[in-house]
>>> print(open('structure.pdb').read())   # PDB, C-alpha atoms and all ligand atoms
ATOM      1  CA  MET A   1      11.474  47.756  56.092
ATOM      2  CA  LEU A   2      14.011  46.478  58.634
ATOM      3  CA  VAL A   3      16.266  43.654  57.402
ATOM      4  CA  TYR A   4      18.985  41.782  59.288
ATOM      5  CA  HIS A   5      21.743  40.602  56.904
ATOM      6  CA  LEU A   6      23.636  37.536  58.070
ATOM      7  CA  PRO A   7      26.330  35.774  55.990
ATOM      8  CA  GLY A   8      25.286  32.108  55.763
ATOM      9  CA  THR A   9      27.366  28.952  55.750
ATOM     10  CA  PHE A  10      26.075  25.564  54.723
ATOM     11  CA  GLU A  11      26.800  23.965  58.127
ATOM     12  CA  THR A  12      25.151  26.593  60.284
ATOM     13  CA  ARG A  13      22.340  27.610  57.924
ATOM     14  CA  GLU A  14      19.516  25.554  59.501
ATOM     15  CA  ASP A  15      20.453  26.585  63.065
ATOM     16  CA  HIS A  16      20.720  30.231  62.107
ATOM     17  CA  LEU A  17      17.365  30.240  60.335
ATOM     18  CA  ASN A  18      15.732  28.652  63.413
ATOM     19  CA  LEU A  19      17.345  31.159  65.780
ATOM     20  CA  LEU A  20      16.179  34.079  63.639
ATOM     21  CA  TRP A  21      12.613  32.728  63.583
ATOM     22  CA  GLU A  22      12.692  32.290  67.341
ATOM     23  CA  ALA A  23      13.983  35.849  67.742
ATOM     24  CA  GLY A  24      10.832  37.117  66.000
ATOM     25  CA  ALA A  25      11.708  37.398  62.294
ATOM     26  CA  THR A  26       8.556  37.927  60.225
ATOM     27  CA  GLY A  27      10.158  36.474  57.095
ATOM     28  CA  LEU A  28      13.405  34.828  55.960
ATOM     29  CA  GLU A  29      15.030  34.820  52.574
ATOM     30  CA  GLU A  30      18.366  33.533  51.234
ATOM     31  CA  ARG A  31      20.161  35.244  48.391
ATOM     32  CA  ALA A  32      23.712  34.597  47.207
ATOM     33  CA  GLY A  33      24.912  33.071  50.479
ATOM     34  CA  LEU A  34      23.273  35.778  52.580
ATOM     35  CA  ILE A  35      20.384  35.228  54.970
ATOM     36  CA  ARG A  36      17.960  38.162  54.971
ATOM     37  CA  ALA A  37      15.703  38.214  58.016
ATOM     38  CA  TYR A  38      12.809  40.676  58.132
ATOM     39  CA  PHE A  39      11.894  42.210  61.496
ATOM     40  CA  ASP A  40       9.295  44.742  62.612
ATOM     41  CA  GLU A  41      11.783  46.279  65.065
ATOM     42  CA  GLN A  42      15.434  45.911  66.059
ATOM     43  CA  THR A  43      15.558  42.943  68.456
ATOM     44  CA  PRO A  44      18.270  41.472  70.725
ATOM     45  CA  LEU A  45      19.681  38.377  68.984
ATOM     46  CA  PRO A  46      21.437  35.256  70.329
ATOM     47  CA  ASP A  47      25.265  35.200  70.113
ATOM     48  CA  ALA A  48      25.336  32.622  67.309
ATOM     49  CA  VAL A  49      23.663  35.035  64.875
ATOM     50  CA  ARG A  50      25.187  38.277  66.042
ATOM     51  CA  ASP A  51      27.705  38.603  63.160
ATOM     52  CA  GLY A  52      25.165  40.250  60.926
ATOM     53  CA  GLU A  53      24.126  43.793  60.246
ATOM     54  CA  TRP A  54      20.830  45.658  60.614
ATOM     55  CA  ARG A  55      19.729  47.625  57.562
ATOM     56  CA  GLN A  56      16.778  49.837  56.810
ATOM     57  CA  GLU A  57      15.657  49.130  53.206
ATOM     58  CA  ALA A  58      13.045  50.642  50.929
ATOM     59  CA  ASP A  59       9.722  48.765  51.010
ATOM     60  CA  GLN A  60       9.120  46.583  47.987
ATOM     61  CA  ASP A  61       5.704  45.590  46.710
ATOM     62  CA  TRP A  62       6.469  42.077  45.442
ATOM     63  CA  LEU A  63       3.043  41.593  43.877
ATOM     64  CA  ALA A  64       3.317  44.874  41.985
ATOM     65  CA  GLU A  65       6.808  43.878  40.837
ATOM     66  CA  PHE A  66       5.600  40.436  39.696
ATOM     67  CA  LYS A  67       2.723  42.009  37.783
ATOM     68  CA  ALA A  68       4.929  44.673  36.213
ATOM     69  CA  ASN A  69       7.228  41.936  34.882
ATOM     70  CA  LEU A  70       4.492  39.874  33.229
ATOM     71  CA  ARG A  71       4.751  39.950  29.456
ATOM     72  CA  PRO A  72       2.288  38.797  26.786
ATOM     73  CA  VAL A  73       2.883  35.164  25.803
ATOM     74  CA  GLN A  74       2.523  34.223  22.165
ATOM     75  CA  ALA A  75       1.409  30.636  21.558
ATOM     76  CA  GLY A  76       0.662  29.931  17.921
ATOM     77  CA  ARG A  77      -2.308  32.082  16.843
ATOM     78  CA  VAL A  78      -3.033  33.059  20.453
ATOM     79  CA  THR A  79      -1.479  35.766  22.626
ATOM     80  CA  ILE A  80      -2.111  35.296  26.352
ATOM     81  CA  VAL A  81      -2.158  38.501  28.402
ATOM     82  CA  PRO A  82      -3.157  39.654  31.897
ATOM     83  CA  PRO A  83      -6.134  42.065  31.891
ATOM     84  CA  TRP A  84      -3.976  45.220  32.046
ATOM     85  CA  LEU A  85      -2.091  44.226  28.860
ATOM     86  CA  ARG A  86      -5.194  43.634  26.715
ATOM     87  CA  ALA A  87      -4.043  46.352  24.355
ATOM     88  CA  GLY A  88      -0.750  44.467  23.806
ATOM     89  CA  VAL A  89      -2.321  41.744  21.635
ATOM     90  CA  PRO A  90      -0.835  42.119  18.135
ATOM     91  CA  ASP A  91      -3.196  42.513  15.166
ATOM     92  CA  GLY A  92      -4.201  39.169  13.722
ATOM     93  CA  GLN A  93      -3.618  37.294  17.000
ATOM     94  CA  VAL A  94      -6.427  35.872  19.138
ATOM     95  CA  GLY A  95      -6.209  37.620  22.542
ATOM     96  CA  LEU A  96      -6.707  35.408  25.590
ATOM     97  CA  VAL A  97      -6.987  37.312  28.873
ATOM     98  CA  ILE A  98      -6.057  35.447  32.051
ATOM     99  CA  GLU A  99      -5.973  37.094  35.464
ATOM    100  CA  PRO A 100      -2.880  35.716  37.243
ATOM    101  CA  GLY A 101      -4.231  34.216  40.447
ATOM    102  CA  MET A 102      -4.436  31.063  42.498
ATOM    103  CA  ALA A 103      -5.147  28.601  39.671
ATOM    104  CA  PHE A 104      -2.306  27.274  37.480
ATOM    105  CA  GLY A 105      -2.309  28.508  33.885
ATOM    106  CA  THR A 106      -1.223  32.093  33.193
ATOM    107  CA  GLY A 107       0.471  31.004  29.978
ATOM    108  CA  HIS A 108       3.934  31.638  31.388
ATOM    109  CA  HIS A 109       4.691  27.955  31.952
ATOM    110  CA  ALA A 110       6.164  26.086  28.984
ATOM    111  CA  THR A 111       3.525  23.355  29.226
ATOM    112  CA  THR A 112       0.580  25.764  28.994
ATOM    113  CA  ARG A 113       2.234  27.617  26.138
ATOM    114  CA  MET A 114       2.918  24.406  24.192
ATOM    115  CA  ALA A 115      -0.653  23.177  24.770
ATOM    116  CA  VAL A 116      -2.160  26.429  23.471
ATOM    117  CA  GLU A 117       0.170  26.214  20.466
ATOM    118  CA  ALA A 118      -0.952  22.656  19.788
ATOM    119  CA  LEU A 119      -4.635  23.664  20.032
ATOM    120  CA  SER A 120      -4.014  26.592  17.743
ATOM    121  CA  ALA A 121      -2.570  24.229  15.111
ATOM    122  CA  LEU A 122      -5.849  22.254  14.997
ATOM    123  CA  ASN A 123      -9.042  23.153  13.179
ATOM    124  CA  LEU A 124     -11.398  23.477  16.143
ATOM    125  CA  HIS A 125     -14.346  25.043  14.355
ATOM    126  CA  GLY A 126     -17.559  23.680  15.829
ATOM    127  CA  ARG A 127     -15.640  20.924  17.642
ATOM    128  CA  THR A 128     -16.160  19.716  21.208
ATOM    129  CA  VAL A 129     -13.064  19.828  23.437
ATOM    130  CA  LEU A 130     -12.430  18.201  26.812
ATOM    131  CA  ASP A 131      -9.751  19.868  28.990
ATOM    132  CA  VAL A 132      -8.662  17.613  31.851
ATOM    133  CA  GLY A 133      -7.008  19.565  34.719
ATOM    134  CA  THR A 134      -8.308  22.915  33.568
ATOM    135  CA  GLY A 135      -6.809  25.137  36.335
ATOM    136  CA  SER A 136      -7.424  28.746  35.272
ATOM    137  CA  GLY A 137      -9.471  27.401  32.349
ATOM    138  CA  VAL A 138      -6.812  28.657  29.946
ATOM    139  CA  LEU A 139      -6.922  25.697  27.535
ATOM    140  CA  ALA A 140     -10.721  25.366  27.416
ATOM    141  CA  ILE A 141     -11.037  29.123  26.881
ATOM    142  CA  ALA A 142      -8.315  29.072  24.204
ATOM    143  CA  ALA A 143     -10.259  26.296  22.442
ATOM    144  CA  ALA A 144     -13.502  28.316  22.555
ATOM    145  CA  LEU A 145     -11.723  31.420  21.245
ATOM    146  CA  LEU A 146     -10.234  29.308  18.445
ATOM    147  CA  GLY A 147     -13.733  28.366  17.328
ATOM    148  CA  ALA A 148     -14.640  25.251  19.318
ATOM    149  CA  GLY A 149     -18.404  24.877  19.640
ATOM    150  CA  TYR A 150     -18.139  23.655  23.218
ATOM    151  CA  ALA A 151     -15.246  23.166  25.645
ATOM    152  CA  LEU A 152     -15.589  21.433  28.995
ATOM    153  CA  GLY A 153     -12.888  21.929  31.643
ATOM    154  CA  VAL A 154     -12.693  19.533  34.597
ATOM    155  CA  ASP A 155     -10.448  19.817  37.651
ATOM    156  CA  ILE A 156     -10.248  17.956  40.958
ATOM    157  CA  ASP A 157      -9.476  21.230  42.763
ATOM    158  CA  PRO A 158     -12.747  23.092  43.499
ATOM    159  CA  ILE A 159     -10.925  26.424  43.856
ATOM    160  CA  THR A 160     -10.263  26.472  40.105
ATOM    161  CA  ILE A 161     -13.888  26.364  38.912
ATOM    162  CA  PRO A 162     -15.076  29.914  39.770
ATOM    163  CA  ILE A 163     -11.690  31.243  38.587
ATOM    164  CA  ALA A 164     -12.037  29.470  35.227
ATOM    165  CA  GLN A 165     -15.649  30.673  34.889
ATOM    166  CA  GLU A 166     -14.605  34.243  35.579
ATOM    167  CA  ASN A 167     -11.751  34.011  33.064
ATOM    168  CA  ALA A 168     -14.215  32.698  30.451
ATOM    169  CA  ARG A 169     -16.560  35.651  31.139
ATOM    170  CA  ASP A 170     -13.613  38.090  30.884
ATOM    171  CA  ASN A 171     -12.926  36.703  27.417
ATOM    172  CA  GLY A 172     -16.547  37.079  26.329
ATOM    173  CA  VAL A 173     -17.001  33.302  26.068
ATOM    174  CA  PRO A 174     -20.628  32.450  26.938
ATOM    175  CA  ALA A 175     -21.301  29.712  29.516
ATOM    176  CA  GLY A 176     -22.783  27.538  26.761
ATOM    177  CA  ARG A 177     -19.448  27.497  24.884
ATOM    178  CA  ALA A 178     -17.130  26.817  27.847
ATOM    179  CA  ALA A 179     -18.286  25.003  30.979
ATOM    180  CA  PHE A 180     -16.302  23.939  34.031
ATOM    181  CA  MET A 181     -16.883  21.277  36.667
ATOM    182  CA  VAL A 182     -15.146  19.771  39.660
ATOM    183  CA  GLY A 183     -14.131  16.237  38.837
ATOM    184  CA  THR A 184     -11.966  13.994  36.741
ATOM    185  CA  LEU A 185     -12.294  11.275  34.138
ATOM    186  CA  GLY A 186     -14.379   8.456  35.503
ATOM    187  CA  ASP A 187     -16.887  10.914  37.000
ATOM    188  CA  GLU A 188     -20.113  11.507  35.157
ATOM    189  CA  LEU A 189     -19.687  14.456  32.810
ATOM    190  CA  PRO A 190     -22.593  16.831  32.074
ATOM    191  CA  GLY A 191     -24.505  15.353  29.149
ATOM    192  CA  ASP A 192     -26.322  18.468  27.928
ATOM    193  CA  VAL A 193     -23.992  19.112  24.979
ATOM    194  CA  VAL A 194     -21.939  15.923  24.664
ATOM    195  CA  ALA A 195     -24.460  13.283  25.628
ATOM    196  CA  ASP A 196     -22.165  10.243  25.329
ATOM    197  CA  GLY A 197     -19.084  11.891  26.934
ATOM    198  CA  VAL A 198     -17.130  11.394  23.689
ATOM    199  CA  PHE A 199     -15.366  14.589  22.544
ATOM    200  CA  ASP A 200     -13.725  15.562  19.248
ATOM    201  CA  VAL A 201     -10.497  16.725  20.951
ATOM    202  CA  LEU A 202      -8.967  15.989  24.367
ATOM    203  CA  VAL A 203      -6.256  18.117  25.986
ATOM    204  CA  ALA A 204      -4.642  17.469  29.373
ATOM    205  CA  ASN A 205      -1.809  19.294  31.142
ATOM    206  CA  LEU A 206      -1.223  16.922  34.072
ATOM    207  CA  TYR A 207       1.857  14.753  34.658
ATOM    208  CA  ALA A 208       3.344  11.630  33.137
ATOM    209  CA  GLU A 209       2.205   9.126  35.786
ATOM    210  CA  LEU A 210      -1.364  10.406  35.573
ATOM    211  CA  HIS A 211      -1.371  10.267  31.763
ATOM    212  CA  ASP A 212      -0.295   6.641  32.107
ATOM    213  CA  LEU A 213      -3.178   5.945  34.507
ATOM    214  CA  LEU A 214      -5.749   7.867  32.456
ATOM    215  CA  ALA A 215      -4.698   6.736  28.964
ATOM    216  CA  GLY A 216      -7.536   4.147  28.810
ATOM    217  CA  ALA A 217     -10.050   6.813  29.880
ATOM    218  CA  TYR A 218      -8.718   9.160  27.166
ATOM    219  CA  VAL A 219      -9.711   6.527  24.592
ATOM    220  CA  GLY A 220     -13.198   6.311  26.111
ATOM    221  CA  HIS A 221     -13.704  10.101  25.875
ATOM    222  CA  LEU A 222     -12.265  10.708  22.403
ATOM    223  CA  ARG A 223     -13.910   9.992  19.060
ATOM    224  CA  PRO A 224     -11.960   7.565  16.834
ATOM    225  CA  GLY A 225      -9.197   9.507  15.054
ATOM    226  CA  GLY A 226      -9.686  12.464  17.416
ATOM    227  CA  PRO A 227      -6.613  14.500  18.403
ATOM    228  CA  LEU A 228      -5.112  14.068  21.854
ATOM    229  CA  VAL A 229      -2.793  16.748  23.317
ATOM    230  CA  LEU A 230      -0.884  15.816  26.475
ATOM    231  CA  THR A 231       1.627  17.886  28.410
ATOM    232  CA  GLY A 232       2.939  18.446  31.934
ATOM    233  CA  ILE A 233       5.412  15.685  31.050
ATOM    234  CA  LEU A 234       9.034  15.920  32.215
ATOM    235  CA  SER A 235      11.160  14.862  29.242
ATOM    236  CA  GLY A 236      12.747  12.050  31.263
ATOM    237  CA  LYS A 237       9.292  10.515  31.753
ATOM    238  CA  LEU A 238       8.341  10.511  28.058
ATOM    239  CA  PRO A 239       8.784   6.714  27.736
ATOM    240  CA  LEU A 240       6.014   6.172  30.301
ATOM    241  CA  VAL A 241       3.555   8.286  28.300
ATOM    242  CA  LEU A 242       4.615   6.937  24.908
ATOM    243  CA  GLY A 243       4.249   3.369  26.223
ATOM    244  CA  ALA A 244       0.738   4.143  27.522
ATOM    245  CA  LEU A 245      -0.319   5.616  24.167
ATOM    246  CA  GLU A 246       0.986   2.590  22.296
ATOM    247  CA  ARG A 247      -0.788   0.253  24.743
ATOM    248  CA  GLU A 248      -4.101   2.081  24.170
ATOM    249  CA  GLY A 249      -3.824   2.050  20.361
ATOM    250  CA  PHE A 250      -3.092   5.765  19.736
ATOM    251  CA  THR A 251      -1.417   6.562  16.392
ATOM    252  CA  ASP A 252       0.431   9.480  14.734
ATOM    253  CA  VAL A 253       2.392  10.254  17.908
ATOM    254  CA  THR A 254       4.534  13.420  17.875
ATOM    255  CA  VAL A 255       6.731  14.876  20.629
ATOM    256  CA  ARG A 256       7.747  18.493  21.224
ATOM    257  CA  GLU A 257      10.140  19.578  23.934
ATOM    258  CA  ASP A 258      10.817  22.926  25.566
ATOM    259  CA  GLY A 259      13.562  22.829  28.196
ATOM    260  CA  GLU A 260      12.751  20.006  30.575
ATOM    261  CA  TRP A 261       9.087  19.810  29.494
ATOM    262  CA  ALA A 262       7.485  17.773  26.740
ATOM    263  CA  LEU A 263       4.193  17.802  24.866
ATOM    264  CA  VAL A 264       2.859  14.772  23.048
ATOM    265  CA  THR A 265       0.146  14.721  20.400
ATOM    266  CA  ALA A 266      -1.538  11.606  19.039
ATOM    267  CA  ARG A 267      -4.759  10.395  17.447
ATOM    268  CA  ALA A 268      -7.198   7.939  18.967
ATOM    269  CA  GLY A 269      -7.187   4.662  17.051
ATOM    270  CA  ALA A 270      -9.966   4.241  14.521
TER     271      ALA A 270
HETATM  272  N1  LIG B   1      -4.774  23.447  32.210
HETATM  273  C1  LIG B   1      -3.996  24.455  32.906
HETATM  274  C2  LIG B   1      -2.768  24.796  32.080
HETATM  275  O1  LIG B   1      -2.528  24.096  31.087
HETATM  276  O2  LIG B   1      -2.048  25.732  32.414
HETATM  277  C3  LIG B   1      -3.617  23.987  34.304
HETATM  278  C4  LIG B   1      -2.733  22.756  34.338
HETATM  279  S1  LIG B   1      -2.101  22.398  35.960
HETATM  280  C5  LIG B   1      -0.481  21.858  35.550
HETATM  281  C6  LIG B   1      -2.850  20.856  36.372
HETATM  282  C7  LIG B   1      -4.263  20.953  36.921
HETATM  283  O3  LIG B   1      -4.784  19.624  36.962
HETATM  284  C8  LIG B   1      -4.391  21.496  38.333
HETATM  285  O4  LIG B   1      -5.346  22.542  38.361
HETATM  286  C9  LIG B   1      -4.841  20.291  39.163
HETATM  287  O5  LIG B   1      -5.738  20.638  40.206
HETATM  288  C10 LIG B   1      -5.541  19.432  38.132
HETATM  289  N2  LIG B   1      -5.544  17.974  38.385
HETATM  290  C11 LIG B   1      -4.608  17.210  38.998
HETATM  291  N3  LIG B   1      -4.965  15.914  38.983
HETATM  292  C12 LIG B   1      -6.159  15.846  38.319
HETATM  293  C13 LIG B   1      -7.024  14.771  37.966
HETATM  294  N4  LIG B   1      -6.760  13.510  38.310
HETATM  295  N5  LIG B   1      -8.158  15.063  37.285
HETATM  296  C14 LIG B   1      -8.465  16.349  36.966
HETATM  297  N6  LIG B   1      -7.666  17.395  37.295
HETATM  298  C15 LIG B   1      -6.533  17.158  37.940
END
>>> encode(input="structure.pdb", output="structure tokens", more="lines below")
Ligand code: SAM
Amino acid sequence: MLVYHLPGTFETREDHLNLLWEAGATGLEERAGLIRAYFDEQTPLPDAVRDGEWRQEADQDWLAEFKANLRPVQAGRVTIVPPWLRAGVPDGQVGLVIEPGMAFGTGHHATTRMAVEALSALNLHGRTVLDVGTGSGVLAIAAALLGAGYALGVDIDPITIPIAQENARDNGVPAGRAAFMVGTLGDELPGDVVADGVFDVLVANLYAELHDLLAGAYVGHLRPGGPLVLTGILSGKLPLVLGALEREGFTDVTVREDGEWALVTARAGA
């Protein structure tokens, strides 16, 4: 791999990056004040970027490195692992296998981890669970593995649905226990298991503004007294979510924070 190392300065950075692109760089990276430009072959460069140095470096397989660095994630009674670390699930833990891919939700983000922890603290046996913004399906699948009778994951991004279905299959969760559909609250949900669209538990890892918008719909899809688990909330935006829950009559509100992220639990009013 051929890399051109060029010391960067704040003032010239943009110009230098543009010149390197124009000279045929196949990739650009900045590390510790140094611009690293990748080239297929040594190329004549304009004067303004000639202060650097060509270096031949060992090829690096970034994907392999990323995968090698993935560790199991423990979230309450659940340990989330990629397929090649299945054997790393400790005895007594529920193993949840997620293939890291294009859909959000490998378990490595604080919000996913906190949501799985919150689900694992509930008694889900035989319950119905609605997962809004399912991504990789991680929360719906966690619910099914924790005993839920039926979990439905919905997501506006169609790319997530086959990924979530495949992850459910990989975890041995039958299609009748975890289903996935493109859509959001307000769309018609499949009525085969939950005919009235009212679930025992609702979990959503979205963002604060959307929780505020959807809070009324959460009430409509949750049985009275049913637990609500919301995350994807930046701590600074907690007041928006707490205000929405109060407005919609939710009770027993709790907040958990991890770094800049927050998770809120509550119960639908009776
Ligand atoms: N549930 C997974 C987890 O906890 O790791 C993924 C959460 S990811 C932060 C948010 C997901 O919500 C994305 O897959 C996105 O496409 C989806 N999403 C965004 N807005 C939505 C909406 N209005 N209704 C349903 N899904 C939505």
>>> closest_residue(input="structure.pdb", among="A:Arg127, A:Arg169, A:Arg177, A:His108", to="ligand LIG 1 (chain B)", atoms="only C-alpha atoms and all ligand atoms")
A:His108
>>> residues_near_ligand(input="structure.pdb", ligand="ligand LIG 1 (chain B)", cutoff="7 Å", atoms="all atoms listed in the file", output="PyMOL selection string")
chain A and resi 103-107+111-112+115+131-139+154-157+160+183-185+204-206+210+232
>>> closest_residue(input="structure.pdb", among="A:Ala87, A:Val129, A:Val116, A:Leu28", to="Leu263 in chain A", atoms="all atoms listed in the file")
A:Val116
>>> atom_distance(input="structure.pdb", atom1="CA of Thr128 in chain A", atom2="CA of Leu146 in chain A")
11.6 Å
>>> residues_around(input="structure.pdb", residues="range 189-199 of chain A", least_positions_apart="6", cutoff="10 Å", atoms="only C-alpha atoms", output="VMD selection string")
chain A and resid 127 to 130 149 to 152 154 176 to 177 179 to 183 218 to 224 226 to 227
>>> write_last_selection(input="structure.pdb", atoms="C-alpha atoms", output="compact mmCIF listing (two decimals), keeping the file's coordinate frame")
# COMPACT_ATOMS: atom_id res chain seq x y z
CA ARG A 127 -15.64 20.92 17.64
CA THR A 128 -16.16 19.72 21.21
CA VAL A 129 -13.06 19.83 23.44
CA LEU A 130 -12.43 18.20 26.81
CA GLY A 149 -18.40 24.88 19.64
CA TYR A 150 -18.14 23.66 23.22
CA ALA A 151 -15.25 23.17 25.64
CA LEU A 152 -15.59 21.43 29.00
CA VAL A 154 -12.69 19.53 34.60
CA GLY A 176 -22.78 27.54 26.76
CA ARG A 177 -19.45 27.50 24.88
CA ALA A 179 -18.29 25.00 30.98
CA PHE A 180 -16.30 23.94 34.03
CA MET A 181 -16.88 21.28 36.67
CA VAL A 182 -15.15 19.77 39.66
CA GLY A 183 -14.13 16.24 38.84
CA TYR A 218 -8.72 9.16 27.17
CA VAL A 219 -9.71 6.53 24.59
CA GLY A 220 -13.20 6.31 26.11
CA HIS A 221 -13.70 10.10 25.88
CA LEU A 222 -12.26 10.71 22.40
CA ARG A 223 -13.91 9.99 19.06
CA PRO A 224 -11.96 7.56 16.83
CA GLY A 226 -9.69 12.46 17.42
CA PRO A 227 -6.61 14.50 18.40
>>> resolve_selection(input="structure.pdb", expression="the PyMOL selection byres (((chain A and resi 89-98) around 8) and not hetatm)", output="PyMOL selection string")
chain A and resi 72+77-83+85-88+99-100+106+136+138+141-142+145-146+167+170-171
>>> resolve_selection(input="structure.pdb", expression="the PyMOL selection byres (((chain A and resi 213) around 12) and not hetatm)", output="VMD selection string")
chain A and resid 185 to 186 206 to 212 214 to 219 240 to 241 243 to 245 247 to 248
>>> closest_residue(input="structure.pdb", among="A:Ala144, A:Trp21, A:Gly153, A:His125", to="Gly172 in chain A", atoms="only C-alpha atoms")
A:Ala144
>>> residues_around(input="structure.pdb", residues="Asp51 in chain A", least_positions_apart="4", cutoff="10 Å", atoms="only C-alpha atoms", output="list in words")
His5, Leu6, Pro7, Leu45 and Asp47 of chain A
>>> atom_distance(input="structure.pdb", atom1="CA of Lys237 in chain A", atom2="CA of Gly259 in chain A")
13.5 Å
>>> atom_distance(input="structure.pdb", atom1="CA of Asn69 in chain A", atom2="CA of Arg31 in chain A")
19.9 Å
>>> residues_around(input="structure.pdb", residues="Glu257 in chain A", least_positions_apart="3", cutoff="10 Å", atoms="only C-alpha atoms", output="list in words")
Ala110, Thr111, Met114, Thr231, Ile233, Leu234, Ser235, Glu260, Trp261, Ala262, Leu263 and Val264 of chain A
>>> closest_residue(input="structure.pdb", among="A:Gly225, A:Asp15, A:Leu20, A:Gly8", to="Ala32 in chain A", atoms="all atoms listed in the file")
A:Gly8
>>> residues_around(input="structure.pdb", residues="Gln56 in chain A", least_positions_apart="3", cutoff="8 Å", atoms="all atoms listed in the file", output="short mmCIF file (atom, residue, chain, number, x, y, z; two decimals) with C-alpha atoms, in the coordinates of the input")
data_model
loop_
_atom_site.label_atom_id
_atom_site.label_comp_id
_atom_site.auth_asym_id
_atom_site.auth_seq_id
_atom_site.Cartn_x
_atom_site.Cartn_y
_atom_site.Cartn_z
CA MET A 1 11.47 47.76 56.09
CA LEU A 2 14.01 46.48 58.63
CA VAL A 3 16.27 43.65 57.40
#
>>> resolve_selection(input="structure.pdb", expression="the PyMOL selection byres (((chain A and resi 118) around 9) and not hetatm)", output="list of chain:residue names")
A:Ala75, A:Gly76, A:Arg113, A:Met114, A:Ala115, A:Val116, A:Glu117, A:Leu119, A:Ser120, A:Ala121, A:Leu122, A:Val229, A:Leu263, A:Thr265
>>> write_last_selection(input="structure.pdb", atoms="C-alpha atoms", output="PDB file, keeping the file's coordinate frame")
ATOM      1  CA  ALA A  75       1.409  30.636  21.558  1.00  0.00           C
ATOM      2  CA  GLY A  76       0.662  29.931  17.921  1.00  0.00           C
ATOM      3  CA  ARG A 113       2.234  27.617  26.138  1.00  0.00           C
ATOM      4  CA  MET A 114       2.918  24.406  24.192  1.00  0.00           C
ATOM      5  CA  ALA A 115      -0.653  23.177  24.770  1.00  0.00           C
ATOM      6  CA  VAL A 116      -2.160  26.429  23.471  1.00  0.00           C
ATOM      7  CA  GLU A 117       0.170  26.214  20.466  1.00  0.00           C
ATOM      8  CA  LEU A 119      -4.635  23.664  20.032  1.00  0.00           C
ATOM      9  CA  SER A 120      -4.014  26.592  17.743  1.00  0.00           C
ATOM     10  CA  ALA A 121      -2.570  24.229  15.111  1.00  0.00           C
ATOM     11  CA  LEU A 122      -5.849  22.254  14.997  1.00  0.00           C
ATOM     12  CA  VAL A 229      -2.793  16.748  23.317  1.00  0.00           C
ATOM     13  CA  LEU A 263       4.193  17.802  24.866  1.00  0.00           C
ATOM     14  CA  THR A 265       0.146  14.721  20.400  1.00  0.00           C
TER      15      THR A 265
END
>>> axis_aligned_box(input="structure.pdb", around="range 57-70 of chain A", padding_each_side="3 Å", output="AutoDock Vina command-line options")
--center_x 9.2 --center_y 45.3 --center_z 43.2 --size_x 18.9 --size_y 16.8 --size_z 26.0
>>> closest_residue(input="structure.pdb", among="A:Gly236, A:Val201, A:Phe39, A:Asn123", to="Ala266 in chain A", atoms="only C-alpha atoms")
A:Val201
>>> decode(input="structure.pdb", residues="range 12-23 of chain A", atoms="N, CA and C atoms", output="CSV table (one decimal), in the first residue's frame")
chain,number,residue,atom,x,y,z
A,12,THR,N,-4.3,25.3,5.7
A,12,THR,CA,-4.1,24.8,4.4
A,12,THR,C,-4.8,23.5,4.2
A,13,ARG,N,-5.4,22.9,5.2
A,13,ARG,CA,-5.9,21.6,5.2
A,13,ARG,C,-6.9,21.3,4.1
A,14,GLU,N,-7.9,22.1,3.9
A,14,GLU,CA,-8.9,21.9,2.9
A,14,GLU,C,-8.3,21.9,1.5
A,15,ASP,N,-7.4,23.0,1.3
A,15,ASP,CA,-6.7,23.1,-0.1
A,15,ASP,C,-5.9,21.8,-0.3
A,16,HIS,N,-5.2,21.4,0.7
A,16,HIS,CA,-4.3,20.3,0.5
A,16,HIS,C,-5.1,19.0,0.2
A,17,LEU,N,-6.2,18.8,0.9
A,17,LEU,CA,-7.0,17.6,0.7
A,17,LEU,C,-7.5,17.6,-0.7
A,18,ASN,N,-8.0,18.8,-1.2
A,18,ASN,CA,-8.5,18.9,-2.6
A,18,ASN,C,-7.4,18.6,-3.6
A,19,LEU,N,-6.2,19.2,-3.4
A,19,LEU,CA,-5.1,18.9,-4.3
A,19,LEU,C,-4.8,17.5,-4.4
A,20,LEU,N,-4.8,16.8,-3.3
A,20,LEU,CA,-4.4,15.4,-3.2
A,20,LEU,C,-5.5,14.5,-4.0
A,21,TRP,N,-6.8,14.9,-3.8
A,21,TRP,CA,-7.8,14.2,-4.5
A,21,TRP,C,-7.6,14.4,-6.0
A,22,GLU,N,-7.4,15.6,-6.4
A,22,GLU,CA,-7.2,15.9,-7.8
A,22,GLU,C,-6.0,15.2,-8.4
A,23,ALA,N,-5.0,15.0,-7.6
A,23,ALA,CA,-3.8,14.3,-8.1
A,23,ALA,C,-4.0,12.8,-8.2
